[in-house]
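Chemist: I have a structure here, written as structure tokens, and I will follow up with some questions on it.
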Amino acid sequence: MIMLWPAGENVMRHAVLFSVSSGAAAVAAALTVAGTAPARPAPHQAAPLALRGAAGSAEGPHGRVVEYRGLRVPVPAGWEVHRLDRHPSRCVRYDRHAVYLGRPGPQPDCPARAVGRTEAVHIQPAGGGRTARTVVHADKLASLTVPRTADHETRLTLPEAGVTITGVYGSDPEALQRILRGTRLSGRWTAAPSKPDVRRMATAVPTAPAEGAAPSGGPVPPRAPVADESPPSSQGTALERSWVRGKGFDTCTAPSLATMRAWRPSFKVTNIYIGGAARGCAQPNLTASWVRQVRAMGYRLTATYVGLQAPCGSRPQRFTAASAAWQGTQAAADAARRARALGIPAGKPLYYDMEAYDHKKSACRTAVLRFVDNWVDRLKTEGYKPCLYSSSKSGIRDVGRSSISKPSCVWFANWDRRAGVYGDPFLPDAWWSPHRRVKQYRGGHRETHGGVTLNIDSDVVDGRVY
């Protein structure tokens, strides 16, 4: 059970930060920390929890409480709290325990990739396209149930505070659920929140299908990357080529439109992480409008779903030998749903991110192949081209040698810094040829283009894209 600090305790050892759209000055007065006698709760509010901790300590064994826009949020011991108005470039990451308060800036400073999830909470003002359809009122928080979902994520709007809460979890939603159930209105938020543009719902619903539920040639010689001579149509018409050659990059969170414009003279292709239980970064910029505008700039996209990982992989979110088949099917159904929401039409490629694993373990390798087989079959049924990202030494090589249903295209990682899609020692040139390969040839590093710096992985493309 999450306990709150008693009045009078000092809880300011760690800075507590937050923001609203109107800026830091507009909300600085709204930030208070447990230690001041709480206002009497309104009739619809649940009584505040009692705080417990070592006297005079900033953080006891049960954590602390922070306030944001009239919400008292219990923060477990050891968690970080980040105020995004003072640090707008802070990356909202889901692979570490943290509470993020406020809206992220237009260009978060994220790593090239972060794969895997643990428990984390992000609270920001509702509106501006950030309002969740699921509405939970303050008097229902104490009995909230966080559902198990394919993406290990839940989003809800709390109208009394005018905020949207996004919570993610690692393998079990119980810890996240305790935090959300322990959140209360303090009565300190005096500004009348604007009515969010949401549908009123009595209870929370999954943001993705619940786990366990039934889900709705010869070698080609290497060629130097060249720009695609026919810029893509923003409408994805039949005249558009399904493949492209050129330089590409990928980074953990979709960059701002201004950054994408600055980088366009240097790159033809970029990756977007559209969802999944192991997607490690929030995506504040990634919307259907962003996709349309970036494609209108002339970019082509590799849309990638970061779901559960191999049983012998290093990431915490994993499928098992027993669950591999239906997890592969469920991942495909969820990826297709998310692609449609971003305006990616049927017939376009969707990549599954299967991080490197110990391919020498036969049971693990068999589970991966079973998962990929079902990912491919279900995604074809959904109307998309199933593709796969993995290490050329593990996932790509294992799938290429197998008799399972093959992905239509591959994106393979081999950080040898050689910008060519053929001649890889683990990937015969005859496989996925022609125009069905993307290579990630360099891992995370910083590059500057058009005066803007990002942390990226480097790619060379002669393959299927949107």
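Each chain in the structure tokens gets a letter, A, B and so on, in the order shown; residues start at 1 in every chain, and ligands are counted from 1 in the order they appear.
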Determine, using only C-alpha atoms, which residues of range 104-142 of chain A have any atom at most 12 Å from an atom of range 345-356 of chain A, and tabulate each with its shortest atom pair and distance in Å to one decimal place, rows ordered by chain and then rising number, as a tab-separated table.
Modeler:
```
residue	atom	partner	partner_atom	distance
A:Arg113	CA	A:Glu355	CA	11.2
A:Ala114	CA	A:Glu355	CA	11.1
A:Val115	CA	A:Glu355	CA	8.4
A:Gly116	CA	A:Glu355	CA	10.3
```
Chemist: Write the residues of the selection above to a file with C-alpha atoms, as a PDB file, in the first residue's frame.
Modeler:
```pdb
ATOM      1  CA  ARG A 113      16.834   3.736 -28.763  1.00  0.00           C
ATOM      2  CA  ALA A 114      15.425   2.569 -25.465  1.00  0.00           C
ATOM      3  CA  VAL A 115      13.834  -0.864 -25.499  1.00  0.00           C
ATOM      4  CA  GLY A 116      11.936  -2.254 -22.528  1.00  0.00           C
TER       5      GLY A 116
END
```
Chemist: Please provide as number ranges by chain all residues within 8 Å of Glu153 in chain A, with the sequence filter that same-chain residues fewer than 3 positions apart are discarded (counting only C-alpha atoms).
Modeler: A: 149-150, 166-169, 207, 277
Chemist: How would the residues just chosen look if you wrote them out with all heavy atoms as a tab-separated table (two decimals), in the first residue's frame?
Modeler:
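out14.tsv, freshly written:
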```tsv
chain	number	residue	atom	x	y	z
A	149	THR	N	-2.72	-5.01	-21.02
A	149	THR	CA	-2.91	-4.68	-22.43
A	149	THR	C	-1.70	-5.12	-23.24
A	149	THR	O	-0.63	-5.40	-22.70
A	149	THR	CB	-3.09	-3.16	-22.60
A	149	THR	OG1	-1.90	-2.49	-22.13
A	149	THR	CG2	-4.30	-2.65	-21.83
A	150	ALA	N	-1.86	-5.16	-24.55
A	150	ALA	CA	-0.77	-5.58	-25.42
A	150	ALA	C	0.41	-4.64	-25.35
A	150	ALA	O	1.56	-5.06	-25.51
A	150	ALA	CB	-1.27	-5.69	-26.87
A	166	THR	N	-0.85	9.09	-18.26
A	166	THR	CA	-0.37	7.92	-18.97
A	166	THR	C	0.48	7.10	-18.02
A	166	THR	O	1.41	7.63	-17.41
A	166	THR	CB	0.49	8.31	-20.19
A	166	THR	OG1	-0.30	9.11	-21.08
A	166	THR	CG2	0.98	7.06	-20.94
A	167	GLY	N	0.13	5.84	-17.85
A	167	GLY	CA	0.90	4.96	-16.99
A	167	GLY	C	1.33	3.73	-17.76
A	167	GLY	O	0.57	3.18	-18.56
A	168	VAL	N	2.57	3.30	-17.54
A	168	VAL	CA	3.07	2.09	-18.19
A	168	VAL	C	3.59	1.15	-17.11
A	168	VAL	O	3.88	1.56	-15.98
A	168	VAL	CB	4.19	2.41	-19.21
A	168	VAL	CG1	3.69	3.34	-20.29
A	168	VAL	CG2	5.41	3.00	-18.52
A	169	TYR	N	3.68	-0.11	-17.45
A	169	TYR	CA	4.19	-1.10	-16.50
A	169	TYR	C	5.08	-2.10	-17.21
A	169	TYR	O	5.06	-2.21	-18.44
A	169	TYR	CB	3.04	-1.80	-15.78
A	169	TYR	CG	2.12	-2.62	-16.66
A	169	TYR	CD1	2.37	-3.96	-16.90
A	169	TYR	CD2	0.98	-2.06	-17.25
A	169	TYR	CE1	1.53	-4.73	-17.70
A	169	TYR	CE2	0.14	-2.81	-18.04
A	169	TYR	CZ	0.41	-4.15	-18.26
A	169	TYR	OH	-0.43	-4.90	-19.06
A	207	THR	N	-6.04	0.33	-23.60
A	207	THR	CA	-5.58	1.10	-24.75
A	207	THR	C	-5.20	0.19	-25.90
A	207	THR	O	-4.94	0.64	-27.00
A	207	THR	CB	-4.35	1.94	-24.37
A	207	THR	OG1	-3.32	1.07	-23.91
A	207	THR	CG2	-4.70	2.93	-23.28
A	277	ALA	N	4.79	-3.27	-26.26
A	277	ALA	CA	5.04	-3.40	-24.83
A	277	ALA	C	6.47	-3.09	-24.43
A	277	ALA	O	6.75	-2.92	-23.24
A	277	ALA	CB	4.68	-4.82	-24.38
```
Chemist: In terms of the shortest atom-to-atom distance over only C-alpha atoms, which of A:Thr381, A:Val410, A:Arg397, A:Pro386 is closest to Val368 in chain A?
Modeler: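 Closest candidate: A:Arg397.
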Chemist: Quick one: residues within 9 Å of Gly400 in chain A, only C-alpha atoms, excluding same-chain residues fewer than 2 positions away - as a compact mmCIF listing (two decimals) with C-alpha atoms, in the first residue's frame?
Modeler:
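Writing done, so here's part.txt:
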```
# COMPACT_ATOMS: atom_id res chain seq x y z
CA GLY A 395 16.86 -13.05 -35.64
CA ILE A 396 17.45 -12.36 -39.32
CA ARG A 397 19.75 -15.33 -39.83
CA ASP A 398 17.48 -17.71 -37.91
CA SER A 402 13.91 -21.57 -41.35
CA SER A 403 10.86 -22.87 -43.18
CA ILE A 404 8.37 -20.52 -41.48
CA LYS A 406 8.95 -15.33 -44.28
CA LEU A 427 23.05 -12.75 -44.36
CA PRO A 428 23.48 -14.33 -47.83
CA TRP A 431 17.94 -13.51 -49.15
CA TRP A 432 15.42 -10.64 -49.36
```
Chemist: One decimal, Å: what's the distance from CA of Glu160 in chain A over to CA of Gly70 in chain A, could you say?
Modeler: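 One can read the CA of Glu160 in chain A to CA of Gly70 in chain A distance as 8.8 Å.
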Chemist: Can you tell me, as a short mmCIF file (atom, residue, chain, number, x, y, z; two decimals) with all heavy atoms, in the first residue's frame, which residues in range 111-163 of chain A count as helix (DSSP H, G or I) by DSSP?
Modeler:
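Produced file selection-v9.cif, reproduced below:
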```cif
data_model
loop_
_atom_site.label_atom_id
_atom_site.label_comp_id
_atom_site.auth_asym_id
_atom_site.auth_seq_id
_atom_site.Cartn_x
_atom_site.Cartn_y
_atom_site.Cartn_z
N ALA A 138 -12.57 11.57 -10.12
CA ALA A 138 -11.74 11.50 -8.92
C ALA A 138 -12.26 10.50 -7.90
O ALA A 138 -11.48 9.81 -7.24
CB ALA A 138 -11.62 12.89 -8.29
N ASP A 139 -13.58 10.40 -7.77
CA ASP A 139 -14.12 9.50 -6.76
C ASP A 139 -14.03 8.03 -7.17
O ASP A 139 -14.38 7.15 -6.38
CB ASP A 139 -15.57 9.86 -6.45
CG ASP A 139 -16.48 9.81 -7.68
OD1 ASP A 139 -15.95 9.73 -8.80
OD2 ASP A 139 -17.71 9.86 -7.52
N LYS A 140 -13.55 7.76 -8.38
CA LYS A 140 -13.40 6.38 -8.85
C LYS A 140 -11.94 5.92 -8.86
O LYS A 140 -11.67 4.75 -9.11
CB LYS A 140 -13.96 6.23 -10.28
CG LYS A 140 -15.44 6.60 -10.41
CD LYS A 140 -16.33 5.66 -9.61
CE LYS A 140 -17.80 5.99 -9.84
NZ LYS A 140 -18.68 5.13 -9.01
N LEU A 141 -11.02 6.84 -8.60
CA LEU A 141 -9.61 6.47 -8.68
C LEU A 141 -9.24 5.37 -7.69
O LEU A 141 -8.45 4.48 -8.00
CB LEU A 141 -8.73 7.70 -8.42
CG LEU A 141 -8.41 8.60 -9.61
CD1 LEU A 141 -7.61 9.81 -9.16
CD2 LEU A 141 -7.67 7.84 -10.70
N ALA A 142 -9.81 5.43 -6.48
CA ALA A 142 -9.42 4.48 -5.44
C ALA A 142 -9.77 3.04 -5.80
O ALA A 142 -9.20 2.11 -5.23
CB ALA A 142 -10.08 4.85 -4.12
N SER A 143 -10.70 2.85 -6.73
CA SER A 143 -11.09 1.50 -7.14
C SER A 143 -10.70 1.20 -8.58
O SER A 143 -11.18 0.23 -9.17
CB SER A 143 -12.60 1.31 -6.96
OG SER A 143 -13.33 2.26 -7.73
#
```
Chemist: Can you tell me which residues surround Trp411 in chain A at a distance of at most 9 Å, considering only C-alpha atoms, apart from same-chain residues fewer than 4 positions away, and format the answer as a PyMOL selection string?
Modeler: chain A and resi 351+353+387-392+396+436-440+461+463
Chemist: Need the shell around range 290-300 of chain A: protein/DNA/RNA residues with any atom at most 12 Å away, counting only C-alpha atoms. Skip same-chain ones fewer than 5 positions apart. Format as a PyMOL selection string?
Modeler: chain A and resi 227-236+240-250+254-274+283-285+339-345+348-349+461-466
Chemist: As a list in words, please: the residues near Arg72 in chain A (cut-off 9 Å, only C-alpha atoms, same-chain neighbours under 2 positions excluded).
Modeler: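 Those residues are Val33, Ala34, Pro48, Val65, Val66, Glu67, Tyr68, Arg69, Gly70, Pro74, Gly182, Thr183, Arg184, Leu185 and Ser186 of chain A.
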Chemist: Do you know which residues are at most 7 Å from Ile123 in chain A counting only C-alpha atoms, after dropping those on the same chain fewer than 4 positions away, and could you put them as a count of residues only?
Modeler: 7
Chemist: Have a look at CA of Gly275 in chain A and CA of Arg117 in chain A and let me know their distance in Å, one decimal.
Modeler: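 Going from CA of Gly275 in chain A over to CA of Arg117 in chain A, I get 12.0 Å.
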Chemist: DSSP on the backbone, strand (DSSP E) only: what residues of range 393-446 of chain A does that give? Format it as number ranges by chain.
Modeler: A: 409-413, 437-446
Chemist: Keeping only C-alpha atoms, write those residues as a PDB file, in the first residue's frame.
Modeler:
```pdb
ATOM      1  CA  CYS A 409      11.350  -7.363 -45.976  1.00  0.00           C
ATOM      2  CA  VAL A 410      14.029  -7.047 -43.327  1.00  0.00           C
ATOM      3  CA  TRP A 411      15.881  -4.363 -41.419  1.00  0.00           C
ATOM      4  CA  PHE A 412      19.036  -5.872 -39.963  1.00  0.00           C
ATOM      5  CA  ALA A 413      21.513  -4.548 -37.434  1.00  0.00           C
ATOM      6  CA  ARG A 437      16.711  -4.632 -47.153  1.00  0.00           C
ATOM      7  CA  VAL A 438      17.522  -1.913 -44.649  1.00  0.00           C
ATOM      8  CA  LYS A 439      20.757  -2.040 -42.656  1.00  0.00           C
ATOM      9  CA  GLN A 440      21.457  -0.347 -39.349  1.00  0.00           C
ATOM     10  CA  TYR A 441      25.234  -0.005 -39.625  1.00  0.00           C
ATOM     11  CA  ARG A 442      26.067   2.259 -36.687  1.00  0.00           C
ATOM     12  CA  GLY A 443      24.640   2.419 -33.164  1.00  0.00           C
ATOM     13  CA  GLY A 444      23.777   5.370 -30.978  1.00  0.00           C
ATOM     14  CA  HIS A 445      25.775   8.573 -31.590  1.00  0.00           C
ATOM     15  CA  ARG A 446      25.119  12.282 -32.019  1.00  0.00           C
TER      16      ARG A 446
END
```
